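Undergrad: Below is target24.txt; it holds compact mmCIF, C-alpha atoms and all ligand atoms.
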```txt
# COMPACT_ATOMS: atom_id res chain seq x y z
CA MET A 1069 -4.62 6.26 -2.22
CA GLN A 1070 -2.79 2.96 -2.19
CA ILE A 1071 -2.97 0.88 -5.38
CA GLU A 1072 -4.89 -2.24 -4.29
CA HIS A 1073 -4.55 -4.15 -7.56
CA ILE A 1074 -4.07 -3.84 -11.26
CA GLY A 1075 -6.50 -5.78 -13.43
CA ILE A 1076 -5.22 -7.58 -16.52
CA ALA A 1077 -7.62 -8.99 -19.12
CA VAL A 1078 -6.59 -12.45 -20.33
CA LYS A 1079 -8.03 -14.99 -22.73
CA ASP A 1080 -6.91 -18.16 -20.96
CA LEU A 1081 -6.72 -17.89 -17.17
CA ASP A 1082 -4.91 -21.21 -16.66
CA ALA A 1083 -2.17 -20.26 -19.13
CA SER A 1084 -1.85 -16.77 -17.62
CA ASN A 1085 -1.78 -18.18 -14.07
CA ALA A 1086 1.22 -20.29 -15.09
CA LEU A 1087 2.88 -17.29 -16.76
CA PHE A 1088 2.41 -14.98 -13.75
CA GLU A 1089 3.55 -17.70 -11.36
CA LYS A 1090 6.82 -17.86 -13.33
CA LEU A 1091 7.03 -14.04 -13.38
CA LEU A 1092 6.26 -13.35 -9.71
CA GLY A 1093 7.76 -16.55 -8.25
CA GLU A 1094 4.54 -17.48 -6.45
CA GLY A 1095 1.17 -18.82 -7.59
CA PRO A 1096 -2.22 -17.14 -7.11
CA TYR A 1097 -3.57 -17.07 -3.55
CA LYS A 1098 -7.16 -17.09 -4.71
CA GLN A 1099 -9.38 -17.80 -7.72
CA GLU A 1100 -12.93 -16.48 -7.66
CA THR A 1101 -15.83 -16.10 -10.08
CA VAL A 1102 -17.89 -12.89 -9.89
CA GLU A 1103 -20.85 -13.76 -12.08
CA ALA A 1104 -22.39 -10.28 -11.74
CA GLU A 1105 -19.33 -8.92 -13.62
CA GLY A 1106 -19.04 -11.91 -15.96
CA VAL A 1107 -15.50 -12.73 -14.84
CA VAL A 1108 -13.37 -15.39 -13.27
CA THR A 1109 -10.40 -13.84 -11.49
CA SER A 1110 -7.17 -14.94 -9.89
CA PHE A 1111 -5.14 -12.87 -7.46
CA PHE A 1112 -1.37 -12.73 -7.00
CA ARG A 1113 0.44 -10.84 -4.27
CA SER A 1114 2.98 -8.26 -5.47
CA GLY A 1115 4.57 -6.27 -2.65
CA GLU A 1116 1.82 -4.25 -0.96
CA GLY A 1117 -0.43 -4.58 -3.99
CA LYS A 1118 -1.94 -7.37 -6.05
CA VAL A 1119 -2.31 -8.44 -9.64
CA GLU A 1120 -5.81 -9.52 -10.67
CA LEU A 1121 -6.09 -11.63 -13.83
CA LEU A 1122 -9.56 -11.57 -15.40
CA GLN A 1123 -11.06 -13.98 -17.91
CA ALA A 1124 -14.58 -13.46 -19.30
CA THR A 1125 -17.28 -15.98 -18.40
CA ARG A 1126 -19.77 -14.76 -20.98
CA GLU A 1127 -19.97 -12.76 -24.21
CA ASP A 1128 -21.41 -9.59 -22.66
CA SER A 1129 -18.71 -9.43 -19.98
CA PRO A 1130 -16.69 -6.17 -19.92
CA ILE A 1131 -13.61 -8.36 -20.36
CA ALA A 1132 -15.00 -10.08 -23.48
CA LYS A 1133 -15.84 -6.66 -24.96
CA PHE A 1134 -12.38 -5.32 -24.08
CA LEU A 1135 -10.68 -8.29 -25.76
CA LEU A 1136 -12.88 -7.91 -28.84
CA ARG A 1137 -11.61 -4.33 -29.23
CA GLY A 1138 -7.95 -5.21 -28.82
CA LYS A 1139 -5.38 -7.37 -27.15
CA GLU A 1140 -4.89 -8.87 -23.71
CA GLY A 1141 -3.42 -6.37 -21.28
CA LEU A 1142 -3.96 -3.75 -18.62
CA HIS A 1143 -7.71 -3.37 -18.04
CA HIS A 1144 -8.02 -1.29 -14.85
CA VAL A 1145 -6.25 0.15 -11.83
CA ALA A 1146 -7.90 -0.29 -8.42
CA PHE A 1147 -7.33 2.00 -5.45
CA ALA A 1148 -8.05 1.01 -1.85
CA VAL A 1149 -10.37 3.30 0.11
CA ASP A 1150 -11.54 3.12 3.73
CA ASP A 1151 -15.05 4.44 3.10
CA ILE A 1152 -16.27 3.87 -0.45
CA TYR A 1153 -19.47 5.88 0.05
CA ALA A 1154 -17.51 8.95 1.22
CA GLU A 1155 -15.04 8.61 -1.70
CA MET A 1156 -17.90 8.27 -4.19
CA ALA A 1157 -19.46 11.48 -2.86
CA ARG A 1158 -16.10 13.28 -2.94
CA LEU A 1159 -15.30 12.17 -6.51
CA ARG A 1160 -18.81 12.99 -7.76
CA GLY A 1161 -18.26 16.47 -6.29
CA GLU A 1162 -14.96 16.68 -8.22
CA GLY A 1163 -16.84 15.92 -11.45
CA PHE A 1164 -15.86 12.30 -12.07
CA THR A 1165 -18.41 9.94 -13.66
CA LEU A 1166 -19.18 6.90 -11.53
CA LEU A 1167 -20.39 3.85 -13.43
CA SER A 1168 -22.94 2.86 -10.78
CA ASP A 1169 -24.96 4.73 -8.18
CA SER A 1170 -23.97 2.35 -5.41
CA PRO A 1171 -21.01 0.03 -4.87
CA LYS A 1172 -21.23 -3.63 -5.93
CA ARG A 1173 -19.80 -6.74 -4.42
CA GLY A 1174 -16.46 -7.50 -6.12
CA ALA A 1175 -13.90 -10.24 -5.65
CA ASP A 1176 -11.72 -10.84 -2.60
CA ASN A 1177 -14.26 -9.55 -0.05
CA LYS A 1178 -14.49 -6.04 -1.50
CA LEU A 1179 -17.13 -3.46 -2.33
CA VAL A 1180 -16.23 -1.92 -5.68
CA VAL A 1181 -17.22 0.94 -7.96
CA PHE A 1182 -15.74 2.08 -11.28
CA LEU A 1183 -15.04 5.53 -12.77
CA HIS A 1184 -15.59 6.01 -16.50
CA PRO A 1185 -12.24 5.97 -18.36
CA ALA A 1186 -13.30 8.96 -20.48
CA GLY A 1187 -12.85 11.11 -17.35
CA THR A 1188 -9.61 9.54 -16.12
CA ASN A 1189 -7.20 9.96 -19.04
CA GLY A 1190 -8.40 6.74 -20.66
CA VAL A 1191 -7.72 4.49 -17.66
CA LEU A 1192 -10.59 2.53 -16.11
CA VAL A 1193 -10.36 3.18 -12.35
CA GLU A 1194 -11.84 0.93 -9.66
CA LEU A 1195 -12.28 1.95 -6.03
CA CYS A 1196 -12.45 -0.89 -3.56
CA GLN A 1197 -13.17 -1.14 0.12
CA GLU A 1198 -12.77 -4.20 2.30
CA ILE A 1199 -16.18 -5.48 3.44
CA LYS A 1200 -16.27 -5.16 7.21
CA SER A 1201 -17.75 -8.01 9.24
CA THR A 1202 -20.27 -5.53 10.70
CA GLN A 1203 -21.39 -4.25 7.27
CA THR A 1204 -25.04 -5.10 6.55
CA ASP A 1205 -25.54 -3.26 3.23
CA VAL A 1206 -23.93 -5.86 0.91
C1 LIG A 1301 -14.12 -9.04 -10.15
C2 LIG A 1301 -14.82 -7.82 -9.73
C3 LIG A 1301 -13.99 -6.57 -9.77
C4 LIG A 1301 -12.91 -6.66 -8.69
O1 LIG A 1301 -13.30 -7.05 -7.58
O2 LIG A 1301 -11.74 -6.34 -8.87
C5 LIG A 1301 -13.41 -6.28 -11.14
O3 LIG A 1301 -12.30 -5.92 -11.37
S1 LIG A 1301 -14.58 -6.48 -12.42
C6 LIG A 1301 -13.76 -5.95 -13.88
C7 LIG A 1301 -14.75 -6.00 -14.98
N1 LIG A 1301 -15.82 -5.05 -14.77
C8 LIG A 1301 -15.80 -3.80 -15.30
O4 LIG A 1301 -14.91 -3.42 -16.08
C9 LIG A 1301 -16.96 -2.93 -14.90
C10 LIG A 1301 -16.75 -1.49 -15.34
N2 LIG A 1301 -16.66 -1.37 -16.79
C11 LIG A 1301 -17.71 -0.96 -17.52
O5 LIG A 1301 -18.76 -0.63 -17.01
C12 LIG A 1301 -17.52 -0.97 -19.02
O6 LIG A 1301 -16.51 -1.84 -19.40
C13 LIG A 1301 -17.17 0.48 -19.57
C14 LIG A 1301 -15.84 0.98 -19.06
C15 LIG A 1301 -18.30 1.47 -19.22
C16 LIG A 1301 -17.10 0.37 -21.09
O7 LIG A 1301 -18.26 -0.31 -21.49
P1 LIG A 1301 -18.98 -0.06 -22.87
O8 LIG A 1301 -19.37 1.37 -22.93
O9 LIG A 1301 -20.02 -1.09 -23.11
O10 LIG A 1301 -17.78 -0.40 -23.84
P2 LIG A 1301 -17.41 0.20 -25.17
O11 LIG A 1301 -16.74 -0.89 -25.88
O12 LIG A 1301 -18.57 0.84 -25.84
O13 LIG A 1301 -16.34 1.33 -24.79
C17 LIG A 1301 -16.70 2.66 -24.50
C18 LIG A 1301 -15.40 3.46 -24.37
O14 LIG A 1301 -14.71 3.04 -23.19
C19 LIG A 1301 -13.40 2.58 -23.52
N3 LIG A 1301 -13.05 1.49 -22.63
C20 LIG A 1301 -13.77 0.38 -22.41
N4 LIG A 1301 -13.13 -0.40 -21.51
C21 LIG A 1301 -12.00 0.26 -21.18
C22 LIG A 1301 -10.93 -0.04 -20.29
N5 LIG A 1301 -10.91 -1.16 -19.55
N6 LIG A 1301 -9.93 0.84 -20.17
C23 LIG A 1301 -9.92 2.01 -20.90
N7 LIG A 1301 -10.92 2.35 -21.76
C24 LIG A 1301 -11.93 1.47 -21.89
C25 LIG A 1301 -13.51 2.15 -24.96
O15 LIG A 1301 -12.25 2.14 -25.56
C26 LIG A 1301 -14.43 3.20 -25.53
O16 LIG A 1301 -13.69 4.37 -25.76
P3 LIG A 1301 -13.98 5.27 -27.05
O17 LIG A 1301 -13.78 4.38 -28.22
O18 LIG A 1301 -12.98 6.39 -26.94
O19 LIG A 1301 -15.42 5.73 -26.90
CO CO A 1302 -10.55 -5.31 -10.19
```
Can you present the structure in this file as structure tokens?
Ligand SMILES: CC[C@@H](C(=O)O)C(=O)SCCNC(=O)CCNC(=O)[C@H](O)C(C)(C)COP(=O)(O)OP(=O)(O)OC[C@H]1O[C@@H](n2cnc3c(N)ncnc32)[C@H](O)[C@@H]1OP(=O)(O)O
Ligand SMILES: [Co+2]
TA:
Amino acid sequence: MQIEHIGIAVKDLDASNALFEKLLGEGPYKQETVEAEGVVTSFFRSGEGKVELLQATREDSPIAKFLLRGKEGLHHVAFAVDDIYAEMARLRGEGFTLLSDSPKRGADNKLVVFLHPAGTNGVLVELCQEIKSTQTDV
């Protein structure tokens, strides 16, 4: 599976946008709020993959909880899949714990689902699939 993006939890998205623009030599190509996840995100291109910065929009956001437990930093790794439903069935069969029964709408025109970090060596894993223009289930 190709790494689609890495997610980094930040406290101040504007400050981190400026920092990553200096680091990567190019600004974010997109900023998007996903209220269902309680996040505002920005995306930077990095070779074939992307960097997703995430700032919490509310106190019960997974990002707010993550920052309460520790510092800013790597929050999740996202892998690109062609058929998220097929991958979910395959991974369930392999014994992984999915954090939702069906995929949710994520940022950047993606369907996403997460695997519990307790079953993935402590790393929160996201699967994401591009939403096809013909897809009616989102
Ligand atoms: C913008 C949309 C999308 C995209 O398109 O890219 C995103 O990226 S959204 C990103 C934000 N959304 C999510 O993270 C959703 C999935 N996460 C969750 O459902 C929860 O955060 C969680 C992983 C189930 C943990 O929630 P909760 O059980 O409420 O937190 P606890 O504080 O009780 O922690 C339990 C346990 O899990 C460990 N943990 C929590 N977050 C992470 C993490 N990011 N990476 C690694 N480990 C994590 C935490 O340390 C606890 O471990 P123990 O202490 O060992 O029990
Ligand atoms: Co993500």
Undergrad: Which residues are near ligand CO 1302 (chain A) - at most 7 Å, using all atoms listed in the file? Format: as a PyMOL selection string.
TA: chain A and resi 1073-1075+1120+1144+1146+1194
Undergrad: Determine, counting all atoms listed in the file, which protein, DNA and RNA residues have an atom within 12 Å of an atom of A:Lys1133; residues of the same chain fewer than 5 positions away are not included. Present the result as JSON, numbers by chain.
TA: {"A": [1077, 1078, 1079, 1106, 1107, 1123, 1124, 1125, 1126, 1127, 1128, 1138, 1139, 1140, 1143]}
Undergrad: Show me which residues line ligand LIG 1301 (chain A), defined as having an atom within 9 Å of a ligand atom where all atoms listed in the file count, and present them as a ChimeraX atom specification.
TA: /A:1073-1077,1100-1109,1120-1122,1124,1128-1131,1133-1134,1136-1137,1142-1146,1167-1168,1172-1186,1188-1196
Undergrad: Counting all atoms listed in the file, which residue out of A:Gln1197, A:Arg1113, A:Glu1089, A:Gln1203 sits closest to A:Tyr1153?
TA: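 Closest candidate: A:Gln1197.
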Undergrad: If I take atom CA of A:Gly1093 and atom CA of A:Gly1115, how far is one from the other in Å, to one decimal?
TA: 12.1 Å
Undergrad: What is the distance, in Å and to one decimal place, between atom CA of A:Lys1118 and atom CA of A:Ser1201?
TA: 22.0 Å
Undergrad: From the options A:Ile1071, A:Ser1110, A:Phe1147, A:Thr1165, which residue's atoms come nearest to A:Ala1086, counting all atoms listed in the file?
TA: A:Ser1110
Undergrad: So how far away is atom CA of A:Tyr1097 from atom CA of A:Leu1081, in Å?
TA: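 These atoms are spaced 14.0 Å apart.
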Undergrad: Return the single residue from A:Leu1159, A:Leu1091, A:Val1149, A:Val1119 that is closest to A:Gln1070, with distances computed using all atoms listed in the file.
TA: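 Closest candidate: A:Val1149.
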Undergrad: Determine the nearest neighbour of A:Arg1160 from the options A:Gly1187, A:Leu1135, A:Ala1148, A:Gly1141, counting all atoms listed in the file.
TA: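 Smallest distance to A:Arg1160 is found for A:Gly1187.
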Undergrad: Using all atoms listed in the file for the distances, tell me which of A:Ile1152, A:Leu1087, A:Met1069, A:Ala1132 is nearest to A:Asp1169.
TA: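 Closest residue, counting all atoms listed in the file: A:Ile1152.
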Undergrad: For stretch 1086-1108 of chain A, supply N, CA and C atoms and report the output as a JSON list (two decimals), in the frame of the given file.
TA:
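Okay, this is what ended up in out01.json:
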```
[["chain", "number", "residue", "atom", "x", "y", "z"],
["A", 1086, "ALA", "N", -0.11, -19.66, -15.02],
["A", 1086, "ALA", "CA", 1.22, -20.29, -15.09],
["A", 1086, "ALA", "C", 2.28, -19.25, -15.43],
["A", 1087, "LEU", "N", 1.93, -18.34, -16.35],
["A", 1087, "LEU", "CA", 2.88, -17.29, -16.76],
["A", 1087, "LEU", "C", 3.21, -16.36, -15.58],
["A", 1088, "PHE", "N", 2.17, -15.91, -14.85],
["A", 1088, "PHE", "CA", 2.41, -14.98, -13.75],
["A", 1088, "PHE", "C", 3.07, -15.67, -12.55],
["A", 1089, "GLU", "N", 2.84, -16.96, -12.42],
["A", 1089, "GLU", "CA", 3.55, -17.70, -11.36],
["A", 1089, "GLU", "C", 5.04, -17.70, -11.66],
["A", 1090, "LYS", "N", 5.39, -17.91, -12.94],
["A", 1090, "LYS", "CA", 6.82, -17.86, -13.33],
["A", 1090, "LYS", "C", 7.37, -16.45, -13.11],
["A", 1091, "LEU", "N", 6.57, -15.44, -13.46],
["A", 1091, "LEU", "CA", 7.03, -14.04, -13.38],
["A", 1091, "LEU", "C", 7.23, -13.60, -11.94],
["A", 1092, "LEU", "N", 6.25, -13.89, -11.08],
["A", 1092, "LEU", "CA", 6.26, -13.35, -9.71],
["A", 1092, "LEU", "C", 6.88, -14.33, -8.71],
["A", 1093, "GLY", "N", 7.10, -15.57, -9.13],
["A", 1093, "GLY", "CA", 7.76, -16.55, -8.25],
["A", 1093, "GLY", "C", 6.83, -17.20, -7.26],
["A", 1094, "GLU", "N", 5.53, -16.93, -7.39],
["A", 1094, "GLU", "CA", 4.54, -17.48, -6.45],
["A", 1094, "GLU", "C", 3.21, -17.59, -7.19],
["A", 1095, "GLY", "N", 2.45, -18.63, -6.91],
["A", 1095, "GLY", "CA", 1.17, -18.82, -7.59],
["A", 1095, "GLY", "C", 0.08, -17.92, -7.02],
["A", 1096, "PRO", "N", -1.11, -17.96, -7.61],
["A", 1096, "PRO", "CA", -2.22, -17.14, -7.11],
["A", 1096, "PRO", "C", -2.66, -17.62, -5.73],
["A", 1097, "TYR", "N", -3.09, -16.66, -4.88],
["A", 1097, "TYR", "CA", -3.57, -17.07, -3.55],
["A", 1097, "TYR", "C", -5.07, -17.31, -3.57],
["A", 1098, "LYS", "N", -5.71, -16.95, -4.68],
["A", 1098, "LYS", "CA", -7.16, -17.09, -4.71],
["A", 1098, "LYS", "C", -7.65, -17.09, -6.15],
["A", 1099, "GLN", "N", -8.67, -17.89, -6.44],
["A", 1099, "GLN", "CA", -9.38, -17.80, -7.72],
["A", 1099, "GLN", "C", -10.86, -17.69, -7.39],
["A", 1100, "GLU", "N", -11.54, -16.75, -8.05],
["A", 1100, "GLU", "CA", -12.93, -16.48, -7.66],
["A", 1100, "GLU", "C", -13.73, -16.02, -8.88],
["A", 1101, "THR", "N", -14.93, -16.54, -9.01],
["A", 1101, "THR", "CA", -15.83, -16.10, -10.08],
["A", 1101, "THR", "C", -16.76, -15.03, -9.51],
["A", 1102, "VAL", "N", -16.90, -13.93, -10.26],
["A", 1102, "VAL", "CA", -17.89, -12.89, -9.89],
["A", 1102, "VAL", "C", -18.86, -12.83, -11.06],
["A", 1103, "GLU", "N", -19.93, -13.60, -10.95],
["A", 1103, "GLU", "CA", -20.85, -13.76, -12.08],
["A", 1103, "GLU", "C", -21.51, -12.43, -12.45],
["A", 1104, "ALA", "N", -21.76, -11.57, -11.45],
["A", 1104, "ALA", "CA", -22.39, -10.28, -11.74],
["A", 1104, "ALA", "C", -21.54, -9.46, -12.72],
["A", 1105, "GLU", "N", -20.23, -9.65, -12.70],
["A", 1105, "GLU", "CA", -19.33, -8.92, -13.62],
["A", 1105, "GLU", "C", -18.95, -9.77, -14.83],
["A", 1106, "GLY", "N", -19.37, -11.03, -14.84],
["A", 1106, "GLY", "CA", -19.04, -11.91, -15.96],
["A", 1106, "GLY", "C", -17.55, -12.24, -16.04],
["A", 1107, "VAL", "N", -16.95, -12.46, -14.85],
["A", 1107, "VAL", "CA", -15.50, -12.73, -14.84],
["A", 1107, "VAL", "C", -15.14, -13.86, -13.88],
["A", 1108, "VAL", "N", -14.04, -14.54, -14.24],
["A", 1108, "VAL", "CA", -13.37, -15.39, -13.27],
["A", 1108, "VAL", "C", -11.99, -14.77, -13.08]]
```
